[in-house]
$ cat structure_10.cif   # mmCIF, C-alpha atoms and all ligand atoms
data_coords
#
loop_
_atom_site.label_atom_id
_atom_site.label_comp_id
_atom_site.auth_asym_id
_atom_site.auth_seq_id
_atom_site.Cartn_x
_atom_site.Cartn_y
_atom_site.Cartn_z
CA MET A 481 -62.02 -62.45 5.19
CA ALA A 482 -61.66 -58.70 5.25
CA ARG A 483 -63.09 -56.20 2.86
CA PRO A 484 -61.20 -55.90 -0.42
CA ASP A 485 -58.14 -53.73 -0.50
CA PHE A 486 -58.10 -50.38 -2.26
CA PRO A 487 -55.79 -49.15 -5.02
CA ARG A 488 -52.72 -47.17 -4.00
CA THR A 489 -51.63 -45.62 -7.27
CA ILE A 490 -53.31 -44.31 -10.40
CA ILE A 491 -51.86 -47.20 -12.42
CA GLU A 492 -53.21 -49.73 -9.97
CA PHE A 493 -56.53 -47.93 -9.96
CA GLN A 494 -56.81 -48.10 -13.73
CA HIS A 495 -56.05 -51.84 -13.77
CA ARG A 496 -58.45 -52.48 -10.99
CA PHE A 497 -61.44 -50.50 -12.23
CA PRO A 498 -61.33 -50.47 -16.02
CA ASP A 499 -65.10 -50.69 -16.47
CA GLU A 500 -68.52 -50.94 -14.87
CA ASP A 501 -68.22 -54.70 -14.30
CA ALA A 502 -65.06 -54.29 -12.25
CA CYS A 503 -66.69 -51.60 -10.10
CA ARG A 504 -69.78 -53.73 -9.63
CA GLN A 505 -67.62 -56.66 -8.55
CA TYR A 506 -65.80 -54.44 -6.07
CA LEU A 507 -69.10 -53.27 -4.61
CA PHE A 508 -70.22 -56.89 -4.25
CA GLU A 509 -67.00 -57.85 -2.45
CA SER A 510 -67.24 -54.82 -0.19
CA ARG A 511 -70.81 -55.63 0.75
CA TRP A 512 -70.31 -59.38 1.21
CA PRO A 513 -66.62 -59.99 1.99
CA GLU A 514 -67.47 -63.57 3.00
CA GLY A 515 -69.80 -64.20 0.08
CA PHE A 516 -73.47 -63.43 -0.46
CA ARG A 517 -75.86 -63.99 2.40
CA CYS A 518 -79.53 -63.21 2.02
CA PRO A 519 -80.62 -60.70 4.67
CA ARG A 520 -84.08 -62.27 4.71
CA CYS A 521 -83.55 -66.06 4.72
CA GLY A 522 -79.79 -66.46 5.18
CA SER A 523 -79.31 -68.42 1.97
CA GLU A 524 -75.87 -68.12 0.38
CA ALA A 525 -76.90 -68.63 -3.23
CA ALA A 526 -77.75 -65.66 -5.40
CA THR A 527 -77.96 -64.62 -9.02
CA GLY A 528 -76.66 -61.28 -10.19
CA LEU A 529 -78.91 -58.98 -12.18
CA PRO A 530 -75.98 -56.74 -13.06
CA ARG A 531 -77.67 -54.15 -15.18
CA ARG A 532 -79.74 -53.13 -12.21
CA LEU A 533 -77.00 -53.65 -9.60
CA LEU A 534 -79.26 -56.18 -7.91
CA TRP A 535 -78.59 -59.63 -6.54
CA GLN A 536 -81.50 -62.02 -6.17
CA CYS A 537 -81.56 -64.71 -3.50
CA SER A 538 -81.95 -68.11 -5.16
CA ALA A 539 -84.00 -69.47 -2.27
CA CYS A 540 -86.52 -66.73 -1.49
CA ARG A 541 -85.99 -64.42 -4.48
CA TYR A 542 -85.35 -61.43 -2.24
CA GLN A 543 -83.50 -58.73 -4.17
CA VAL A 544 -80.62 -56.80 -2.63
CA SER A 545 -78.94 -53.81 -4.23
CA VAL A 546 -75.16 -53.70 -3.95
CA THR A 547 -75.36 -49.92 -3.76
CA ALA A 548 -77.85 -49.72 -0.88
CA GLY A 549 -76.27 -47.71 1.92
CA THR A 550 -73.66 -46.19 -0.37
CA VAL A 551 -73.59 -42.81 -2.07
CA LEU A 552 -73.98 -44.67 -5.35
CA HIS A 553 -77.53 -45.74 -4.63
CA ARG A 554 -79.87 -44.99 -7.56
CA THR A 555 -77.25 -42.95 -9.33
CA ARG A 556 -77.43 -42.41 -13.08
CA THR A 557 -73.75 -41.56 -13.32
CA PRO A 558 -71.57 -44.54 -14.34
CA LEU A 559 -69.90 -46.31 -11.40
CA HIS A 560 -66.40 -45.95 -12.76
CA LEU A 561 -66.79 -42.15 -12.80
CA TRP A 562 -67.87 -42.28 -9.17
CA PHE A 563 -64.84 -44.42 -8.36
CA TRP A 564 -62.56 -41.94 -10.07
CA ALA A 565 -64.21 -39.04 -8.23
CA ALA A 566 -63.75 -40.79 -4.88
CA TYR A 567 -60.14 -41.54 -5.74
CA LEU A 568 -59.36 -37.97 -6.79
CA VAL A 569 -61.20 -36.47 -3.81
CA THR A 570 -59.48 -38.62 -1.21
CA THR A 571 -55.96 -38.84 -2.59
CA GLY A 572 -55.46 -35.26 -3.76
CA THR A 573 -53.89 -33.43 -0.84
CA PRO A 574 -55.89 -30.22 -0.86
CA GLY A 575 -58.94 -31.79 -2.46
CA ILE A 576 -60.56 -30.96 -5.76
CA SER A 577 -63.04 -28.34 -6.91
CA ALA A 578 -66.18 -29.17 -8.88
CA LEU A 579 -64.70 -27.45 -11.92
CA GLN A 580 -61.48 -29.49 -11.74
CA LEU A 581 -63.44 -32.71 -11.32
CA GLN A 582 -65.68 -31.86 -14.26
CA ARG A 583 -62.60 -31.40 -16.45
CA GLN A 584 -60.78 -34.49 -15.17
CA LEU A 585 -63.76 -36.78 -15.77
CA GLY A 586 -64.85 -35.08 -18.97
CA LEU A 587 -68.36 -34.46 -17.66
CA LYS A 588 -70.65 -32.36 -19.80
CA ARG A 589 -72.35 -30.63 -16.94
CA TYR A 590 -70.78 -28.77 -14.05
CA GLU A 591 -73.84 -29.69 -11.96
CA THR A 592 -73.00 -33.39 -12.23
CA SER A 593 -69.54 -32.97 -10.72
CA TRP A 594 -70.86 -30.50 -8.16
CA THR A 595 -73.49 -33.01 -7.03
CA MET A 596 -71.02 -35.89 -6.95
CA LEU A 597 -68.67 -33.93 -4.70
CA HIS A 598 -71.49 -32.95 -2.37
CA LYS A 599 -72.67 -36.55 -2.11
CA LEU A 600 -69.14 -37.75 -1.37
CA ARG A 601 -68.83 -35.08 1.32
CA ARG A 602 -72.01 -36.32 2.94
CA ALA A 603 -70.24 -39.61 3.65
CA MET A 604 -67.32 -37.89 5.33
CA VAL A 605 -68.90 -37.51 8.76
CA ASN A 606 -69.04 -40.73 10.71
CA PRO A 607 -72.10 -40.43 12.95
CA GLU A 608 -70.53 -42.84 15.42
CA ARG A 609 -67.25 -41.01 15.78
CA GLU A 610 -65.78 -40.80 19.25
CA PRO A 611 -65.57 -37.48 21.11
CA LEU A 612 -62.17 -35.85 21.56
CA THR A 613 -60.33 -36.72 24.76
CA GLY A 614 -57.28 -35.78 26.83
CA VAL A 615 -56.28 -32.14 26.39
CA VAL A 616 -58.24 -30.14 23.81
CA GLU A 617 -57.84 -26.57 22.53
CA VAL A 618 -61.05 -24.73 21.63
CA ASP A 619 -61.33 -21.39 19.85
CA GLU A 620 -63.68 -19.49 17.53
CA CYS A 621 -62.97 -17.55 14.37
CA PHE A 622 -64.74 -15.72 11.57
CA VAL A 623 -64.62 -17.38 8.17
CA GLY A 624 -65.59 -16.11 4.73
CA GLY A 625 -66.66 -12.73 3.57
CA HIS A 626 -64.90 -10.80 0.88
CA GLU A 627 -62.83 -7.72 1.41
CA PRO A 628 -64.46 -4.65 -0.13
CA GLY A 629 -62.81 -3.83 -3.42
CA LEU A 630 -61.75 -7.40 -4.13
CA ARG A 631 -63.33 -9.58 -6.81
CA GLY A 632 -65.38 -6.81 -8.33
CA GLY A 633 -66.08 -5.13 -5.03
CA ARG A 634 -69.71 -6.22 -4.98
CA GLN A 635 -69.77 -9.05 -2.52
CA GLN A 636 -71.23 -8.47 0.85
CA GLY A 637 -68.81 -9.13 3.64
CA ILE A 638 -70.81 -11.96 5.14
CA LYS A 639 -68.74 -13.75 7.72
CA ALA A 640 -69.71 -16.89 9.54
CA LEU A 641 -68.64 -17.76 13.04
CA VAL A 642 -66.90 -21.13 13.35
CA ILE A 643 -65.83 -22.97 16.47
CA VAL A 644 -62.88 -25.35 16.38
CA ALA A 645 -61.64 -28.04 18.77
CA VAL A 646 -58.20 -29.65 18.40
CA GLU A 647 -56.95 -32.58 20.44
CA VAL A 648 -53.41 -32.01 21.76
CA ARG A 649 -50.96 -34.76 20.76
CA GLY A 650 -47.56 -33.87 22.12
CA ALA A 651 -46.35 -30.87 20.18
CA GLY A 652 -48.74 -31.70 17.34
CA SER A 653 -52.45 -32.05 16.75
CA GLY A 654 -54.75 -35.04 16.99
CA PRO A 655 -58.30 -35.17 15.58
CA ILE A 656 -60.33 -31.99 15.18
CA ARG A 657 -63.99 -30.93 15.15
CA MET A 658 -65.50 -27.83 13.53
CA GLN A 659 -68.94 -26.32 13.51
CA VAL A 660 -70.66 -23.21 12.20
CA ILE A 661 -72.32 -21.47 15.14
CA ASP A 662 -74.96 -18.74 15.26
CA ASP A 663 -73.38 -16.75 18.07
CA ALA A 664 -70.67 -16.85 20.71
CA SER A 665 -73.05 -17.09 23.64
CA ALA A 666 -72.14 -19.26 26.60
CA GLY A 667 -74.91 -21.70 25.70
CA THR A 668 -73.69 -22.17 22.12
CA LEU A 669 -70.01 -22.50 23.03
CA CYS A 670 -70.63 -24.95 25.86
CA ASP A 671 -73.06 -27.04 23.78
CA PHE A 672 -70.35 -27.51 21.15
CA VAL A 673 -67.79 -28.53 23.77
CA ALA A 674 -70.21 -30.95 25.43
CA GLU A 675 -71.06 -32.57 22.06
CA SER A 676 -67.51 -32.79 20.73
CA ILE A 677 -65.37 -33.51 23.78
CA ALA A 678 -65.63 -36.30 26.34
CA ALA A 679 -66.56 -35.20 29.86
CA GLY A 680 -63.54 -35.07 32.13
CA ALA A 681 -61.22 -33.84 29.37
CA THR A 682 -59.02 -30.79 29.85
CA VAL A 683 -60.31 -27.89 27.73
CA ARG A 684 -58.06 -24.93 26.96
CA THR A 685 -59.78 -21.75 25.81
CA ASP A 686 -59.06 -18.05 25.76
CA GLY A 687 -60.29 -15.96 28.65
CA SER A 688 -63.75 -15.27 27.19
CA SER A 689 -66.56 -15.54 29.73
CA GLY A 690 -68.63 -17.81 27.46
CA TYR A 691 -66.56 -20.79 28.54
CA LYS A 692 -66.79 -20.18 32.27
CA ARG A 693 -69.43 -22.79 32.94
CA LEU A 694 -67.36 -25.62 31.42
CA ALA A 695 -66.06 -26.45 34.88
CA LEU A 696 -69.65 -26.96 36.01
CA LEU A 697 -70.20 -29.33 33.08
CA GLY A 698 -67.47 -31.68 34.26
CA PHE A 699 -64.52 -30.41 32.23
CA ASP A 700 -61.12 -29.46 33.54
CA HIS A 701 -61.32 -25.94 32.13
CA GLN A 702 -58.05 -24.06 31.64
CA PRO A 703 -58.78 -20.52 30.46
CA ARG A 704 -55.67 -18.74 29.22
CA SER A 705 -55.73 -15.01 29.20
CA GLN A 706 -53.85 -13.10 26.54
CA ARG A 707 -52.94 -10.42 29.02
CA ALA A 708 -51.27 -12.88 31.34
CA HIS A 709 -49.22 -14.14 28.41
CA HIS A 710 -48.24 -10.62 27.41
CA LEU A 711 -47.04 -9.97 30.91
CA LEU A 712 -44.94 -13.11 30.68
CA GLY A 713 -43.54 -11.84 27.40
CA GLU A 714 -45.14 -14.66 25.38
CA ASP A 715 -46.67 -14.46 21.94
CA PRO A 716 -50.48 -14.23 22.35
CA ASP A 717 -50.89 -16.59 19.41
CA GLU A 718 -49.20 -19.23 21.48
CA ILE A 719 -52.11 -19.45 23.92
CA LEU A 720 -53.87 -21.91 21.63
CA PRO A 721 -51.26 -22.69 18.97
CA ARG A 722 -52.87 -25.83 17.52
CA ALA A 723 -56.30 -24.25 17.17
CA HIS A 724 -54.77 -21.21 15.48
CA ARG A 725 -52.79 -23.39 13.07
CA VAL A 726 -55.88 -25.34 12.09
CA ILE A 727 -57.86 -22.12 11.59
CA SER A 728 -55.25 -20.61 9.31
CA HIS A 729 -55.05 -23.86 7.27
CA LEU A 730 -58.82 -23.85 6.99
CA LYS A 731 -58.93 -20.29 5.69
CA ALA A 732 -56.17 -20.92 3.17
CA TRP A 733 -57.88 -24.12 2.00
CA LEU A 734 -61.29 -22.50 1.54
CA GLN A 735 -59.78 -19.67 -0.44
CA GLY A 736 -57.15 -21.63 -2.35
CA THR A 737 -58.93 -24.84 -3.33
CA HIS A 738 -62.51 -23.69 -3.44
CA ARG A 739 -62.15 -19.94 -4.12
CA GLY A 740 -64.27 -19.21 -1.08
CA VAL A 741 -67.58 -20.89 -0.32
CA SER A 742 -71.03 -19.53 0.38
CA GLU A 743 -72.31 -19.45 3.91
CA GLU A 744 -75.04 -21.93 3.03
CA TYR A 745 -72.55 -24.72 2.38
CA LEU A 746 -69.88 -23.77 4.86
CA GLN A 747 -70.64 -26.61 7.28
CA VAL A 748 -70.29 -29.16 4.47
CA TYR A 749 -66.84 -27.78 3.65
CA LEU A 750 -65.88 -27.76 7.33
CA ASP A 751 -66.81 -31.45 7.37
CA GLU A 752 -64.60 -32.10 4.36
CA PHE A 753 -61.71 -30.20 5.92
CA THR A 754 -62.14 -32.15 9.17
CA PHE A 755 -62.25 -35.43 7.26
CA ARG A 756 -59.04 -34.61 5.40
CA PHE A 757 -57.29 -33.38 8.50
CA ASN A 758 -58.24 -36.37 10.61
CA ARG A 759 -57.19 -38.81 7.88
CA ARG A 760 -54.23 -36.90 6.54
CA ARG A 761 -51.93 -39.85 7.21
CA THR A 762 -54.24 -42.45 5.64
CA PRO A 763 -55.75 -40.85 2.54
CA MET A 764 -56.19 -44.19 0.76
CA ALA A 765 -58.42 -45.64 3.46
CA ALA A 766 -60.71 -42.67 2.93
CA PHE A 767 -61.61 -43.95 -0.55
CA GLN A 768 -63.97 -46.62 0.76
CA ARG A 769 -65.32 -44.29 3.38
CA VAL A 770 -66.55 -41.60 0.99
CA LEU A 771 -68.21 -44.18 -1.23
CA GLY A 772 -69.97 -45.46 1.88
CA LEU A 773 -68.61 -48.99 1.36
CA GLY A 774 -68.67 -51.37 4.27
CA SER A 775 -70.25 -48.80 6.54
CA GLN A 776 -72.19 -50.09 9.51
CA GLN A 777 -74.96 -47.59 8.88
CA GLY A 778 -78.20 -48.67 7.31
CA PRO A 779 -78.91 -47.59 3.77
CA THR A 780 -79.62 -43.90 3.31
CA THR A 781 -82.75 -43.41 1.28
CA HIS A 782 -83.41 -40.65 -1.15
CA GLU A 783 -86.08 -39.37 1.21
CA GLU A 784 -83.60 -39.18 4.07
CA ILE A 785 -81.23 -37.09 1.98
CA LEU A 786 -84.06 -34.70 1.17
CA ALA A 787 -85.18 -34.61 4.78
CA GLU A 788 -81.76 -33.40 5.86
CA GLY A 789 -82.71 -30.15 4.31
CA PRO A 790 -79.67 -28.13 3.28
CA GLY A 791 -79.53 -26.75 -0.22
CA ALA A 792 -76.91 -29.33 -1.12
CA ALA A 793 -79.41 -32.13 -0.79
CA ARG A 794 -82.08 -30.24 -2.66
CA ARG A 795 -79.73 -29.57 -5.51
CA ALA A 796 -78.46 -33.13 -5.39
CA ALA A 797 -82.02 -34.33 -5.82
CA GLU A 798 -82.68 -31.95 -8.68
CA PHE A 799 -79.61 -32.94 -10.61
CA ASN A 800 -79.84 -36.59 -9.65
CA GLY A 801 -76.09 -37.02 -9.98
ZN ZN A 901 -83.37 -65.33 0.71
#

$ encode --input "structure_10.cif" --output "structure tokens" --more "lines below"
Ligand SMILES: [Zn+2]
Amino acid sequence: MARPDFPRTIIEFQHRFPDEDACRQYLFESRWPEGFRCPRCGSEAATGLPRRLLWQCSACRYQVSVTAGTVLHRTRTPLHLWFWAAYLVTTGTPGISALQLQRQLGLKRYETSWTMLHKLRRAMVNPEREPLTGVVEVDECFVGGHEPGLRGGRQQGIKALVIVAVEVRGAGSGPIRMQVIDDASAGTLCDFVAESIAAGATVRTDGSSGYKRLALLGFDHQPRSQRAHHLLGEDPDEILPRAHRVISHLKAWLQGTHRGVSEEYLQVYLDEFTFRFNRRRTPMAAFQRVLGLGSQQGPTTHEEILAEGPGAARRAAEFNG
């Protein structure tokens, strides 16, 4: 028996998850698609202690939380609000801002919706994801920073450097990877390629010298110089067309949906963009993913979230969404 299906429309969603009990039942079915099985003694009989989201093994009395390993673990926010948030986040094409989510769910505090969104984003990166393969375009860009004179003219023009890899799929794009980087040194650029792309793949870059050692690292490196393209009468943007398309979508998305983001959280937003892009044809399947349902990972503890360090986690802990 497979994991339970997920709702495909708002109407279906509403029928499916009208209250806390329905959400709890869904969590149970996601965790034990073939029925309860005690992780300690293997017994298949259990009693629900629903108010605490716990199931107790009838044989050895071991207690298992249905939310362990999900973003819902130890939350104080009602489950059905989390379900709605996950639905809105994963099915809305450009995504949803914390302010929009706060309004949609009728939350009193902005911090609650902000924290929920950040927790859902944490589940968007699959630690076991496969590296990109085949032919891959790689390029860097600057993201963020406000033009002087805009938005009150007070913001500092802080720009972050981002590196992007896009798998070539015919004329289109396959999966992507993105990362904030400190500099464009050869070491940094090549580390990103080695971590994101399978050895032996063909890597297309611009002519910058930082990528020169890729050939030594086992990649089929194809540097493409802008000058050579000019001489051939080609548009320089067409050297790495997929990477450039992804970069311009990213910039429009950051500005349009989120009104720009601070440097501190940029990587988290890059992860969300990557998640959306890579699942743009299966947004519904993303619903279970962001809730952390049925994941093969062990439960994430509160301490692990804190240990990860970025401000998002600290704030998440403070607000205890
Ligand atoms: Zn047991």

$ atom_distance --input "structure_10.cif" --atom1 "atom CA of Phe672 of chain A" --atom2 "atom CA of Val551 of chain A"
28.0 Å

$ residues_near_point --input "structure_10.cif" --point "(-69.6, -48.8, -12.1)" --cutoff "12 Å" --atoms "all atoms listed in the file" --output "PyMOL selection string"
chain A and resi 496-508+530-533+546-547+552-565+771

$ residues_near_ligand --input "structure_10.cif" --ligand "ligand ZN 901 (chain A)" --cutoff "7 Å" --atoms "only C-alpha atoms and all ligand atoms" --output "ChimeraX atom specification"
/A:518-523,537-542

$ residues_around --input "structure_10.cif" --residues "Arg725 of chain A" --least-positions-apart "4" --cutoff "12 Å" --atoms "all atoms listed in the file" --output "PyMOL selection string"
chain A and resi 617-619+621+644-646+652-653+656+717-721+729-732+757

$ closest_residue --input "structure_10.cif" --among "A:Glu492, A:Asn758, A:Trp594, A:Val683" --to "Arg609 of chain A" --atoms "only C-alpha atoms"
A:Asn758

$ atom_distance --input "structure_10.cif" --atom1 "atom CA of Ser689 of chain A" --atom2 "atom CA of Ile727 of chain A"
21.2 Å

$ residues_around --input "structure_10.cif" --residues "Thr754 of chain A" --least-positions-apart "4" --cutoff "10 Å" --atoms "only C-alpha atoms" --output "VMD selection string"
chain A and resid 604 to 605 644 655 to 659 726 730 748 to 750 758 to 760

$ closest_residue --input "structure_10.cif" --among "A:Arg693, A:Arg601, A:Arg769, A:His724" --to "Ala674 of chain A" --atoms "all atoms listed in the file"
A:Arg693

$ closest_residue --input "structure_10.cif" --among "A:Gln768, A:Leu641, A:His598, A:Gly690" --to "Tyr745 of chain A" --atoms "only C-alpha atoms"
A:His598

$ atom_distance --input "structure_10.cif" --atom1 "atom CA of Thr571 of chain A" --atom2 "atom CA of Trp733 of chain A"
15.5 Å
